[in-house]
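I have placed the structure first, in the form of structure tokens, so that the comments after it can refer back to it.
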Amino acid sequence: MRDIIKMFIVLTVICCVSGVSLSILKDKTKDKIADQEIKFVKEPAVLSVLAGFDNDPMIERKEVEFGNDVSKLMFPAKKDGELFALAMEVSDVGYGGDVNIMLGIDMEGQIRGISITKHKETPGLGARISEANFTKQFKSLSVSGDIALTSKGGKIEAISGATISSKAVVKAVSDGVAIFKDNIENIKNVF
């Protein structure tokens with residue numbers, strides 16, 4: 001009986017020390033991890049959906065709040081100090097989990113492009129949402145037009161066998177466009 005109590009105490013101490021150590025490590029590295037995600041995931045995505053700017057969208061990025069506890073990280077594109085486009089990350093749930101998308105929109109209300117930043121979709125099927133053949137369909141669409149799959153009267157051709165993933169991308173882009181349209185004046189004031 002004494003050996004069992006001794007083993008229980010030793011295991012409890014080991015678990016507590018391990019838990020505290022992991023918690024401290026996570027806290028110490030969270031800023032570095034966030035910086036790495038900005039540099040190696042979001043920056044290439046922003047550069048692929050925005051072009052022709054003379055500022056640094058990564059440095060000038062801001063978290064913009066839209067009420068109802070909705071906020072988006074936005075990356076402004078400026079030419080001679082004038083905001084002409086922006087990129088924001090939007091997301092929706094696909095077949096395998098969240099699908100994160102960098103959406104580029106110019107201030108005239110035209111989509112400049114999209115880039116898939118993160119997904120867990122099925123390789124060979126849903127993962128094809130990140131291929132250029134799918135993402136280029138969004139380029140130059142108007143934010144006042146129908147951003148929907150062709151089966152719903154829109155202009156976006158779904159990926160065969162990956163309808164749920166395709167719908168997730170379209171829904172995320174539509175939601176981002178709605179946020180842009182509803183808050184364009186607020187966005188201009190922020191940047």
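For the structure tokens, the naming scheme is as follows: chains receive sequential letters (A, B, ...) according to their order of presentation, residues are indexed from 1 within each chain, and ligands are indexed from 1 in presentation order.
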Contact check, region 22-95 of chain A to region 131-148 of chain A, at most 12 Å, counting only C-alpha atoms, closest pairs as a Markdown table:
| residue | atom | partner | partner_atom | distance |
| --- | --- | --- | --- | --- |
| A:Ser48 | CA | A:Thr135 | CA | 11.2 |
| A:Val49 | CA | A:Lys139 | CA | 9.0 |
| A:Leu50 | CA | A:Lys139 | CA | 11.2 |
Q: Find the residues near Val41 (chain A): any atom within 12 Å, counting only C-alpha atoms, skip ones fewer than 3 places away on the same chain, and give them as a VMD selection string.
A: chain A and resid 33 to 38 44 to 48 58 89 100 to 102 115 to 118
Once you have the residues from the selection above, write them out as a PDB file, in the first residue's frame, restricted to C-alpha atoms.
ATOM      1  CA  ILE A  33       5.069  31.789 -33.215  1.00  0.00           C
ATOM      2  CA  ALA A  34       2.682  34.622 -34.177  1.00  0.00           C
ATOM      3  CA  ASP A  35       5.546  36.516 -35.855  1.00  0.00           C
ATOM      4  CA  GLN A  36       6.577  33.403 -37.779  1.00  0.00           C
ATOM      5  CA  GLU A  37       2.995  32.840 -38.937  1.00  0.00           C
ATOM      6  CA  ILE A  38       2.807  36.438 -40.173  1.00  0.00           C
ATOM      7  CA  PRO A  44       3.187  35.450 -48.959  1.00  0.00           C
ATOM      8  CA  ALA A  45      -0.626  35.292 -49.123  1.00  0.00           C
ATOM      9  CA  VAL A  46      -0.949  39.081 -48.870  1.00  0.00           C
ATOM     10  CA  LEU A  47       1.672  39.555 -51.583  1.00  0.00           C
ATOM     11  CA  SER A  48      -0.211  37.154 -53.857  1.00  0.00           C
ATOM     12  CA  MET A  58       2.639  43.825 -42.959  1.00  0.00           C
ATOM     13  CA  GLU A  89      -8.149  36.803 -43.649  1.00  0.00           C
ATOM     14  CA  ASN A 100      -8.508  30.164 -43.902  1.00  0.00           C
ATOM     15  CA  ILE A 101      -8.346  32.442 -46.924  1.00  0.00           C
ATOM     16  CA  MET A 102      -6.550  35.715 -47.610  1.00  0.00           C
ATOM     17  CA  SER A 115      -5.045  32.712 -51.430  1.00  0.00           C
ATOM     18  CA  ILE A 116      -5.675  29.705 -49.191  1.00  0.00           C
ATOM     19  CA  THR A 117      -3.531  30.132 -46.074  1.00  0.00           C
ATOM     20  CA  LYS A 118      -4.552  27.065 -44.064  1.00  0.00           C
TER      21      LYS A 118
END
Q.
Which of chain A end up as alpha helix (DSSP H) when DSSP is run on this backbone - answer as an MDAnalysis selection string?
A. chainID A and resid 2:37 43:49 132:135 163:182 184:190
Q: Would you mind reading off the distance between CA of Ala77 (chain A) and CA of Lys188 (chain A), one decimal, in Å?
A: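 Distance between the two atoms: 11.6 Å.
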